[in-house]
Structures are given as C-alpha cells and as structure tokens.
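Colleague: So I've got this file, model35.csv, and it contains CSV, all heavy atoms:
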```
chain,number,residue,atom,x,y,z
A,1,MET,N,1.5,2.4,23.2
A,1,MET,CA,0.8,2.8,22.0
A,1,MET,C,0.3,1.6,21.2
A,1,MET,O,1.0,0.6,21.2
A,1,MET,CB,1.6,3.7,21.1
A,1,MET,CG,1.0,4.1,19.8
A,1,MET,SD,2.1,5.2,18.9
A,1,MET,CE,0.9,6.5,18.6
A,2,ALA,N,-0.9,1.6,20.7
A,2,ALA,CA,-1.4,0.4,20.0
A,2,ALA,C,-0.7,0.2,18.6
A,2,ALA,O,-0.2,1.2,18.0
A,2,ALA,CB,-2.9,0.7,19.7
A,3,LYS,N,-0.6,-1.0,18.2
A,3,LYS,CA,0.0,-1.3,16.9
A,3,LYS,C,-1.0,-1.0,15.8
A,3,LYS,O,-2.2,-1.1,16.0
A,3,LYS,CB,0.3,-2.8,16.9
A,3,LYS,CG,1.5,-3.2,17.8
A,3,LYS,CD,1.8,-4.6,17.6
A,3,LYS,CE,3.0,-5.0,18.5
A,3,LYS,NZ,3.4,-6.4,18.3
A,4,LYS,N,-0.4,-0.6,14.7
A,4,LYS,CA,-1.2,-0.2,13.5
A,4,LYS,C,-0.8,-1.0,12.3
A,4,LYS,O,0.4,-1.2,12.1
A,4,LYS,CB,-1.1,1.3,13.2
A,4,LYS,CG,-1.4,2.1,14.4
A,4,LYS,CD,-1.0,3.5,14.2
A,4,LYS,CE,-1.1,4.3,15.5
A,4,LYS,NZ,-0.5,5.6,15.5
A,5,THR,N,-1.7,-1.5,11.5
A,5,THR,CA,-1.4,-2.3,10.3
A,5,THR,C,-2.2,-1.8,9.1
A,5,THR,O,-3.3,-1.3,9.2
A,5,THR,CB,-1.9,-3.8,10.6
A,5,THR,OG1,-1.3,-4.2,11.8
A,5,THR,CG2,-1.5,-4.7,9.4
A,6,VAL,N,-1.5,-1.9,8.0
A,6,VAL,CA,-2.1,-1.5,6.7
A,6,VAL,C,-2.0,-2.6,5.7
A,6,VAL,O,-0.9,-3.1,5.5
A,6,VAL,CB,-1.5,-0.2,6.1
A,6,VAL,CG1,-2.1,0.2,4.8
A,6,VAL,CG2,-1.6,1.0,7.1
A,7,ALA,N,-3.1,-3.0,5.1
A,7,ALA,CA,-3.0,-4.0,4.1
A,7,ALA,C,-3.6,-3.4,2.8
A,7,ALA,O,-4.8,-3.0,2.8
A,7,ALA,CB,-3.8,-5.3,4.5
A,8,THR,N,-2.9,-3.4,1.7
A,8,THR,CA,-3.4,-2.8,0.5
A,8,THR,C,-4.3,-3.9,-0.3
A,8,THR,O,-4.0,-5.1,-0.2
A,8,THR,CB,-2.3,-2.3,-0.4
A,8,THR,OG1,-1.4,-3.4,-0.7
A,8,THR,CG2,-1.5,-1.2,0.2
A,9,LEU,N,-5.2,-3.4,-1.0
A,9,LEU,CA,-6.0,-4.2,-1.9
A,9,LEU,C,-5.4,-4.3,-3.3
A,9,LEU,O,-5.1,-3.2,-3.8
A,9,LEU,CB,-7.5,-3.6,-1.9
A,9,LEU,CG,-8.1,-3.4,-0.6
A,9,LEU,CD1,-9.4,-2.7,-0.7
A,9,LEU,CD2,-8.3,-4.8,0.1
A,10,GLN,N,-5.2,-5.4,-3.9
A,10,GLN,CA,-4.4,-5.6,-5.1
A,10,GLN,C,-5.2,-5.7,-6.4
A,10,GLN,O,-4.6,-5.6,-7.4
A,10,GLN,CB,-3.5,-6.8,-4.9
A,10,GLN,CG,-2.5,-6.7,-3.7
A,10,GLN,CD,-1.5,-5.5,-3.9
A,10,GLN,OE1,-1.0,-5.3,-4.9
A,10,GLN,NE2,-1.3,-4.8,-2.8
A,11,LYS,N,-6.5,-6.0,-6.4
A,11,LYS,CA,-7.2,-6.3,-7.6
A,11,LYS,C,-8.1,-5.1,-8.0
A,11,LYS,O,-8.7,-4.5,-7.2
A,11,LYS,CB,-8.1,-7.5,-7.4
A,11,LYS,CG,-7.3,-8.8,-6.9
A,11,LYS,CD,-7.2,-9.7,-8.0
A,11,LYS,CE,-6.4,-10.9,-7.5
A,11,LYS,NZ,-6.1,-11.8,-8.5
A,12,GLY,N,-8.2,-4.9,-9.4
A,12,GLY,CA,-9.1,-4.0,-10.0
A,12,GLY,C,-9.0,-2.6,-9.4
A,12,GLY,O,-8.0,-2.0,-9.3
A,13,SER,N,-10.2,-2.0,-9.1
A,13,SER,CA,-10.3,-0.7,-8.6
A,13,SER,C,-9.8,-0.6,-7.1
A,13,SER,O,-9.7,0.5,-6.6
A,13,SER,CB,-11.7,-0.1,-8.8
A,13,SER,OG,-12.6,-0.9,-8.0
A,14,GLY,N,-9.6,-1.7,-6.5
A,14,GLY,CA,-9.1,-1.7,-5.1
A,14,GLY,C,-7.7,-1.2,-4.9
A,14,GLY,O,-7.3,-0.9,-3.8
A,15,ARG,N,-7.0,-1.0,-6.0
A,15,ARG,CA,-5.6,-0.5,-5.9
A,15,ARG,C,-5.5,0.9,-5.3
A,15,ARG,O,-4.5,1.3,-4.8
A,15,ARG,CB,-4.9,-0.5,-7.3
A,15,ARG,CG,-4.7,-1.9,-7.8
A,15,ARG,CD,-4.0,-1.9,-9.1
A,15,ARG,NE,-3.9,-3.3,-9.5
A,15,ARG,CZ,-3.2,-3.7,-10.5
A,15,ARG,NH1,-2.4,-2.8,-11.1
A,15,ARG,NH2,-3.1,-5.0,-10.9
A,16,GLY,N,-6.6,1.7,-5.4
A,16,GLY,CA,-6.6,3.0,-4.8
A,16,GLY,C,-7.0,3.0,-3.4
A,16,GLY,O,-7.1,4.1,-2.8
A,17,HIS,N,-7.3,1.9,-2.8
A,17,HIS,CA,-7.8,1.8,-1.4
A,17,HIS,C,-6.9,0.9,-0.6
A,17,HIS,O,-6.2,0.0,-1.1
A,17,HIS,CB,-9.2,1.3,-1.4
A,17,HIS,CG,-10.2,2.2,-2.1
A,17,HIS,ND1,-10.3,2.2,-3.4
A,17,HIS,CD2,-11.1,3.1,-1.6
A,17,HIS,CE1,-11.3,3.1,-3.7
A,17,HIS,NE2,-11.7,3.7,-2.6
A,18,ALA,N,-7.0,1.1,0.7
A,18,ALA,CA,-6.3,0.2,1.7
A,18,ALA,C,-7.2,-0.2,2.8
A,18,ALA,O,-8.1,0.6,3.3
A,18,ALA,CB,-5.1,0.9,2.2
A,19,LYS,N,-7.1,-1.4,3.3
A,19,LYS,CA,-7.8,-1.8,4.5
A,19,LYS,C,-7.0,-1.5,5.7
A,19,LYS,O,-5.8,-2.0,5.8
A,19,LYS,CB,-8.1,-3.3,4.4
A,19,LYS,CG,-8.9,-3.8,5.6
A,19,LYS,CD,-9.2,-5.3,5.5
A,19,LYS,CE,-10.0,-5.8,6.6
A,19,LYS,NZ,-10.2,-7.3,6.5
A,20,VAL,N,-7.4,-0.7,6.6
A,20,VAL,CA,-6.7,-0.3,7.8
A,20,VAL,C,-7.3,-0.9,9.0
A,20,VAL,O,-8.5,-1.0,9.2
A,20,VAL,CB,-6.6,1.2,7.9
A,20,VAL,CG1,-5.7,1.8,6.8
A,20,VAL,CG2,-7.9,1.9,7.9
A,21,ILE,N,-6.4,-1.4,9.9
A,21,ILE,CA,-6.8,-2.0,11.2
A,21,ILE,C,-6.2,-1.2,12.3
A,21,ILE,O,-5.0,-1.1,12.4
A,21,ILE,CB,-6.4,-3.5,11.2
A,21,ILE,CG1,-7.0,-4.2,10.0
A,21,ILE,CG2,-6.9,-4.1,12.5
A,21,ILE,CD1,-6.4,-5.6,9.8
A,22,LYS,N,-7.0,-0.7,13.2
A,22,LYS,CA,-6.5,0.1,14.3
A,22,LYS,C,-7.0,-0.5,15.7
A,22,LYS,O,-8.1,-0.9,15.8
A,22,LYS,CB,-7.0,1.5,14.2
A,22,LYS,CG,-6.5,2.5,15.1
A,22,LYS,CD,-7.1,3.9,14.8
A,22,LYS,CE,-6.4,5.0,15.5
A,22,LYS,NZ,-7.0,6.3,15.1
A,23,MET,N,-6.1,-0.7,16.6
A,23,MET,CA,-6.5,-1.2,17.9
A,23,MET,C,-6.8,0.0,18.8
A,23,MET,O,-6.0,0.9,19.0
A,23,MET,CB,-5.3,-2.0,18.5
A,23,MET,CG,-5.7,-2.8,19.7
A,23,MET,SD,-4.5,-4.0,20.2
A,23,MET,CE,-3.3,-3.0,21.0
A,24,VAL,N,-8.1,-0.1,19.3
A,24,VAL,CA,-8.6,1.0,20.2
A,24,VAL,C,-9.0,0.5,21.5
A,24,VAL,O,-9.4,-0.7,21.6
A,24,VAL,CB,-9.7,1.8,19.5
A,24,VAL,CG1,-9.2,2.5,18.3
A,24,VAL,CG2,-10.9,0.9,19.1
A,25,LYS,N,-8.9,1.3,22.5
A,25,LYS,CA,-9.3,0.9,23.9
A,25,LYS,C,-10.7,1.4,24.2
A,25,LYS,O,-11.0,2.6,23.9
A,25,LYS,CB,-8.3,1.5,24.9
A,25,LYS,CG,-8.6,1.0,26.3
A,25,LYS,CD,-7.5,1.5,27.2
A,25,LYS,CE,-7.7,1.0,28.6
A,25,LYS,NZ,-6.6,1.4,29.5
A,26,SER,N,-11.6,0.6,24.6
A,26,SER,CA,-13.0,0.9,24.9
A,26,SER,C,-13.0,1.8,26.2
A,26,SER,O,-12.4,1.4,27.2
A,26,SER,CB,-13.8,-0.3,25.1
A,26,SER,OG,-15.1,0.0,25.6
A,27,PRO,N,-13.6,2.9,26.2
A,27,PRO,CA,-13.6,3.8,27.4
A,27,PRO,C,-14.5,3.2,28.5
A,27,PRO,O,-14.3,3.5,29.7
A,27,PRO,CB,-14.2,5.1,26.9
A,27,PRO,CG,-14.9,4.8,25.6
A,27,PRO,CD,-14.2,3.6,25.0
A,28,GLN,N,-15.5,2.3,28.1
A,28,GLN,CA,-16.4,1.8,29.1
A,28,GLN,C,-15.8,0.6,29.9
A,28,GLN,O,-15.9,0.5,31.1
A,28,GLN,CB,-17.7,1.3,28.4
A,28,GLN,CG,-18.4,2.5,27.8
A,28,GLN,CD,-19.5,2.0,26.9
A,28,GLN,OE1,-19.6,0.9,26.5
A,28,GLN,NE2,-20.4,3.0,26.5
A,29,SER,N,-15.2,-0.4,29.1
A,29,SER,CA,-14.7,-1.6,29.8
A,29,SER,C,-13.2,-1.6,29.9
A,29,SER,O,-12.7,-2.4,30.7
A,29,SER,CB,-15.1,-2.8,29.0
A,29,SER,OG,-14.5,-2.8,27.7
A,30,GLY,N,-12.5,-0.8,29.1
A,30,GLY,CA,-11.0,-0.8,29.2
A,30,GLY,C,-10.4,-1.9,28.3
A,30,GLY,O,-9.2,-2.0,28.3
A,31,ALA,N,-11.2,-2.7,27.7
A,31,ALA,CA,-10.7,-3.8,26.8
A,31,ALA,C,-10.3,-3.2,25.5
A,31,ALA,O,-10.9,-2.2,25.0
A,31,ALA,CB,-11.8,-4.8,26.6
A,32,TYR,N,-9.4,-3.8,24.8
A,32,TYR,CA,-8.9,-3.4,23.5
A,32,TYR,C,-9.7,-4.2,22.4
A,32,TYR,O,-10.1,-5.3,22.6
A,32,TYR,CB,-7.5,-3.7,23.3
A,32,TYR,CG,-6.6,-2.7,24.0
A,32,TYR,CD1,-6.1,-3.0,25.3
A,32,TYR,CD2,-6.3,-1.5,23.5
A,32,TYR,CE1,-5.3,-2.1,26.0
A,32,TYR,CE2,-5.5,-0.6,24.1
A,32,TYR,CZ,-5.0,-0.9,25.4
A,32,TYR,OH,-4.2,0.0,26.0
A,33,MET,N,-10.0,-3.5,21.3
A,33,MET,CA,-10.7,-4.1,20.2
A,33,MET,C,-10.1,-3.5,18.9
A,33,MET,O,-9.4,-2.5,18.9
A,33,MET,CB,-12.2,-3.8,20.3
A,33,MET,CG,-12.6,-2.4,20.2
A,33,MET,SD,-14.4,-2.2,20.5
A,33,MET,CE,-14.5,-0.5,20.4
A,34,PHE,N,-10.4,-4.2,17.8
A,34,PHE,CA,-9.9,-3.8,16.5
A,34,PHE,C,-10.9,-3.2,15.7
A,34,PHE,O,-12.1,-3.6,15.6
A,34,PHE,CB,-9.3,-5.0,15.8
A,34,PHE,CG,-8.1,-5.6,16.4
A,34,PHE,CD1,-8.2,-6.7,17.2
A,34,PHE,CD2,-6.9,-5.1,16.3
A,34,PHE,CE1,-7.1,-7.3,17.9
A,34,PHE,CE2,-5.7,-5.6,16.9
A,34,PHE,CZ,-5.9,-6.7,17.7
A,35,ARG,N,-10.6,-2.0,15.1
A,35,ARG,CA,-11.5,-1.3,14.2
A,35,ARG,C,-10.9,-1.4,12.8
A,35,ARG,O,-9.8,-1.0,12.6
A,35,ARG,CB,-11.6,0.2,14.6
A,35,ARG,CG,-12.6,0.9,13.8
A,35,ARG,CD,-12.8,2.4,14.3
A,35,ARG,NE,-13.4,2.3,15.6
A,35,ARG,CZ,-13.2,3.2,16.5
A,35,ARG,NH1,-12.5,4.3,16.3
A,35,ARG,NH2,-13.8,3.1,17.7
A,36,GLU,N,-11.7,-1.9,11.9
A,36,GLU,CA,-11.3,-2.1,10.5
A,36,GLU,C,-12.1,-1.2,9.6
A,36,GLU,O,-13.3,-1.1,9.7
A,36,GLU,CB,-11.5,-3.5,10.0
A,36,GLU,CG,-10.7,-4.6,10.8
A,36,GLU,CD,-11.0,-6.0,10.3
A,36,GLU,OE1,-11.3,-6.1,9.1
A,36,GLU,OE2,-10.8,-6.9,11.1
A,37,GLU,N,-11.4,-0.6,8.6
A,37,GLU,CA,-12.1,0.3,7.6
A,37,GLU,C,-11.3,0.2,6.3
A,37,GLU,O,-10.1,-0.1,6.3
A,37,GLU,CB,-12.1,1.8,8.1
A,37,GLU,CG,-13.1,2.0,9.2
A,37,GLU,CD,-13.2,3.5,9.6
A,37,GLU,OE1,-13.2,4.3,8.6
A,37,GLU,OE2,-13.1,3.8,10.8
A,38,VAL,N,-12.0,0.5,5.2
A,38,VAL,CA,-11.4,0.6,3.9
A,38,VAL,C,-11.4,2.1,3.6
A,38,VAL,O,-12.4,2.7,3.5
A,38,VAL,CB,-12.1,-0.2,2.9
A,38,VAL,CG1,-11.5,0.0,1.5
A,38,VAL,CG2,-12.1,-1.7,3.2
A,39,VAL,N,-10.2,2.7,3.4
A,39,VAL,CA,-10.0,4.1,3.1
A,39,VAL,C,-9.1,4.2,1.8
A,39,VAL,O,-8.4,3.3,1.5
A,39,VAL,CB,-9.4,4.9,4.2
A,39,VAL,CG1,-10.3,4.8,5.5
A,39,VAL,CG2,-8.0,4.4,4.6
A,40,THR,N,-9.2,5.4,1.2
A,40,THR,CA,-8.3,5.6,0.1
A,40,THR,C,-6.9,5.8,0.5
A,40,THR,O,-6.6,6.1,1.7
A,40,THR,CB,-8.7,6.9,-0.7
A,40,THR,OG1,-8.6,8.0,0.2
A,40,THR,CG2,-10.1,6.8,-1.2
A,41,ASN,N,-5.9,5.5,-0.4
A,41,ASN,CA,-4.5,5.5,0.0
A,41,ASN,C,-4.1,6.9,0.5
A,41,ASN,O,-3.2,7.0,1.3
A,41,ASN,CB,-3.7,5.1,-1.2
A,41,ASN,CG,-3.8,3.7,-1.6
A,41,ASN,OD1,-4.2,2.8,-0.7
A,41,ASN,ND2,-3.5,3.3,-2.8
A,42,GLU,N,-4.7,8.0,0.0
A,42,GLU,CA,-4.3,9.3,0.5
A,42,GLU,C,-4.8,9.6,1.9
A,42,GLU,O,-4.2,10.4,2.6
A,42,GLU,CB,-4.9,10.4,-0.5
A,42,GLU,CG,-4.4,10.3,-1.9
A,42,GLU,CD,-5.0,9.3,-2.8
A,42,GLU,OE1,-6.2,8.9,-2.5
A,42,GLU,OE2,-4.3,8.8,-3.7
A,43,GLU,N,-5.8,8.9,2.4
A,43,GLU,CA,-6.3,9.1,3.7
A,43,GLU,C,-5.7,8.2,4.8
A,43,GLU,O,-6.1,8.4,6.0
A,43,GLU,CB,-7.8,8.9,3.7
A,43,GLU,CG,-8.6,9.9,2.8
A,43,GLU,CD,-10.0,9.6,2.6
A,43,GLU,OE1,-10.5,8.5,3.1
A,43,GLU,OE2,-10.8,10.4,2.1
A,44,VAL,N,-4.8,7.4,4.5
A,44,VAL,CA,-4.3,6.4,5.5
A,44,VAL,C,-3.6,7.1,6.6
A,44,VAL,O,-3.8,6.8,7.8
A,44,VAL,CB,-3.3,5.4,4.8
A,44,VAL,CG1,-2.6,4.5,5.8
A,44,VAL,CG2,-4.1,4.5,3.8
A,45,LYS,N,-2.7,8.1,6.3
A,45,LYS,CA,-2.0,8.8,7.4
A,45,LYS,C,-2.9,9.6,8.3
A,45,LYS,O,-2.8,9.6,9.5
A,45,LYS,CB,-0.9,9.7,6.8
A,45,LYS,CG,0.3,8.9,6.2
A,45,LYS,CD,1.3,9.9,5.8
A,45,LYS,CE,2.5,9.1,5.2
A,45,LYS,NZ,3.6,10.0,4.8
A,46,ASP,N,-3.9,10.2,7.6
A,46,ASP,CA,-4.9,11.0,8.4
A,46,ASP,C,-5.7,10.1,9.3
A,46,ASP,O,-6.1,10.5,10.4
A,46,ASP,CB,-5.8,11.8,7.5
A,46,ASP,CG,-5.1,12.8,6.7
A,46,ASP,OD1,-4.1,13.3,7.2
A,46,ASP,OD2,-5.6,13.2,5.6
A,47,TYR,N,-6.1,8.9,8.9
A,47,TYR,CA,-6.8,7.9,9.7
A,47,TYR,C,-6.1,7.6,11.0
A,47,TYR,O,-6.7,7.5,12.0
A,47,TYR,CB,-7.1,6.6,8.9
A,47,TYR,CG,-7.8,5.6,9.6
A,47,TYR,CD1,-9.2,5.6,9.8
A,47,TYR,CD2,-7.1,4.5,10.2
A,47,TYR,CE1,-9.9,4.7,10.5
A,47,TYR,CE2,-7.8,3.6,11.0
A,47,TYR,CZ,-9.2,3.6,11.1
A,47,TYR,OH,-9.8,2.7,11.8
A,48,PHE,N,-4.8,7.4,10.9
A,48,PHE,CA,-4.1,7.0,12.1
A,48,PHE,C,-3.7,8.2,13.0
A,48,PHE,O,-3.5,8.1,14.2
A,48,PHE,CB,-2.8,6.3,11.7
A,48,PHE,CG,-3.1,4.9,11.3
A,48,PHE,CD1,-2.6,4.4,10.0
A,48,PHE,CD2,-3.8,4.0,12.0
A,48,PHE,CE1,-2.9,3.2,9.6
A,48,PHE,CE2,-4.0,2.7,11.6
A,48,PHE,CZ,-3.6,2.3,10.4
A,49,GLN,N,-3.8,9.4,12.4
A,49,GLN,CA,-3.5,10.6,13.2
A,49,GLN,C,-4.7,11.0,14.2
A,49,GLN,O,-4.5,11.4,15.3
A,49,GLN,CB,-3.2,11.8,12.3
A,49,GLN,CG,-2.0,11.7,11.5
A,49,GLN,CD,-0.7,11.7,12.4
A,49,GLN,OE1,-0.7,12.4,13.4
A,49,GLN,NE2,0.3,10.9,12.0
A,50,LYS,N,-5.9,10.8,13.7
A,50,LYS,CA,-7.1,11.1,14.5
A,50,LYS,C,-7.4,10.0,15.4
A,50,LYS,O,-7.1,8.9,15.2
A,50,LYS,CB,-8.3,11.5,13.6
A,50,LYS,CG,-8.8,10.3,12.8
A,50,LYS,CD,-10.0,10.7,11.9
A,50,LYS,CE,-10.4,9.6,11.1
A,50,LYS,NZ,-11.5,9.9,10.2
A,51,GLN,N,-8.1,10.3,16.5
A,51,GLN,CA,-8.4,9.3,17.5
A,51,GLN,C,-9.7,8.7,17.2
A,51,GLN,O,-10.7,9.0,17.0
A,51,GLN,CB,-8.5,10.0,18.9
A,51,GLN,CG,-7.2,10.5,19.4
A,51,GLN,CD,-6.4,9.4,20.1
A,51,GLN,OE1,-6.9,8.4,20.5
A,51,GLN,NE2,-5.1,9.6,20.1
```
Just give me the structure of the file as structure tokens.

Modeller:
Amino acid sequence: MAKKTVATLQKGSGRGHAKVIKMVKSPQSGAYMFREEVVTNEEVKDYFQKQ
C-alpha cells in the first residue's frame, strides 16, 4: 500500500485546509507518481478512501 502524508496549512484562512499528497501507480507505465491537492480538513479522510 502506498504511503500517505498530510501537511496542514498554518497561516490565515489556510487553517481550514490541508495539503494532501498521495502516491498513485500509473496504469499505463506502472510507475509511481505523487498527486498533491489542497482540500478542506473535513474532506481529508474521504480523499484517501477513494481511488
């Protein structure tokens, strides 16, 4: 299983959001790559649950 990391944003209105980094495997080449997104704190668990 790929490792998952969460980094919270600490300044201003960013406190309600988190930068999430997910390692995903490319179906075409089989290589792993990192997908980064900024999501609200409430959506972090849902982000890692879906593929």

Colleague: Enter the distance from CA of Ser26 in chain A to OE1 of Glu42 in chain A, in Å, rounded to one decimal.

Modeller: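 It comes out at 29.3 Å.
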
Colleague: Report, in Å to a single decimal, how far apart atom O of Val38 in chain A and CG of Lys19 in chain A are.

Modeller: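 Value for the CG of Lys19 in chain A-atom O of Val38 in chain A distance: 7.7 Å.
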
Colleague: What's the separation between CA of Ala18 in chain A and CA of Ala31 in chain A, in Å to one decimal place?

Modeller: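 Calculated distance between CA of Ala18 in chain A and CA of Ala31 in chain A is 25.8 Å.
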
Colleague: I want to know what sits within 6 Å of Val44 in chain A, based on all atoms listed in the file, with residues of the same chain fewer than 3 positions away left out; could you give that as a list of chain:residue names?

Modeller: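 With the cut-off at 6 Å, the set is A:Val6, A:Ala18, A:Val20, A:Val39, A:Thr40, A:Asn41, A:Tyr47, A:Phe48, A:Gln49.
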
Colleague: Could you pull out every residue with an atom within 3.5 Å of (-7.9, -3.0, 22.7), file coordinates, counting all heavy atoms, and send them as a PDB file with all heavy atoms, in the frame of the given file?

Modeller:
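Wrote out_19.pdb, looks like this:
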```
ATOM      1  N   VAL A  24      -8.100  -0.100  19.300  1.00  0.00           N
ATOM      2  CA  VAL A  24      -8.600   1.000  20.200  1.00  0.00           C
ATOM      3  C   VAL A  24      -9.000   0.500  21.500  1.00  0.00           C
ATOM      4  O   VAL A  24      -9.400  -0.700  21.600  1.00  0.00           O
ATOM      5  CB  VAL A  24      -9.700   1.800  19.500  1.00  0.00           C
ATOM      6  CG1 VAL A  24      -9.200   2.500  18.300  1.00  0.00           C
ATOM      7  CG2 VAL A  24     -10.900   0.900  19.100  1.00  0.00           C
ATOM      8  N   TYR A  32      -9.400  -3.800  24.800  1.00  0.00           N
ATOM      9  CA  TYR A  32      -8.900  -3.400  23.500  1.00  0.00           C
ATOM     10  C   TYR A  32      -9.700  -4.200  22.400  1.00  0.00           C
ATOM     11  O   TYR A  32     -10.100  -5.300  22.600  1.00  0.00           O
ATOM     12  CB  TYR A  32      -7.500  -3.700  23.300  1.00  0.00           C
ATOM     13  CG  TYR A  32      -6.600  -2.700  24.000  1.00  0.00           C
ATOM     14  CD1 TYR A  32      -6.100  -3.000  25.300  1.00  0.00           C
ATOM     15  CD2 TYR A  32      -6.300  -1.500  23.500  1.00  0.00           C
ATOM     16  CE1 TYR A  32      -5.300  -2.100  26.000  1.00  0.00           C
ATOM     17  CE2 TYR A  32      -5.500  -0.600  24.100  1.00  0.00           C
ATOM     18  CZ  TYR A  32      -5.000  -0.900  25.400  1.00  0.00           C
ATOM     19  OH  TYR A  32      -4.200   0.000  26.000  1.00  0.00           O
ATOM     20  N   MET A  33     -10.000  -3.500  21.300  1.00  0.00           N
ATOM     21  CA  MET A  33     -10.700  -4.100  20.200  1.00  0.00           C
ATOM     22  C   MET A  33     -10.100  -3.500  18.900  1.00  0.00           C
ATOM     23  O   MET A  33      -9.400  -2.500  18.900  1.00  0.00           O
ATOM     24  CB  MET A  33     -12.200  -3.800  20.300  1.00  0.00           C
ATOM     25  CG  MET A  33     -12.600  -2.400  20.200  1.00  0.00           C
ATOM     26  SD  MET A  33     -14.400  -2.200  20.500  1.00  0.00           S
ATOM     27  CE  MET A  33     -14.500  -0.500  20.400  1.00  0.00           C
TER      28      MET A  33
END
```
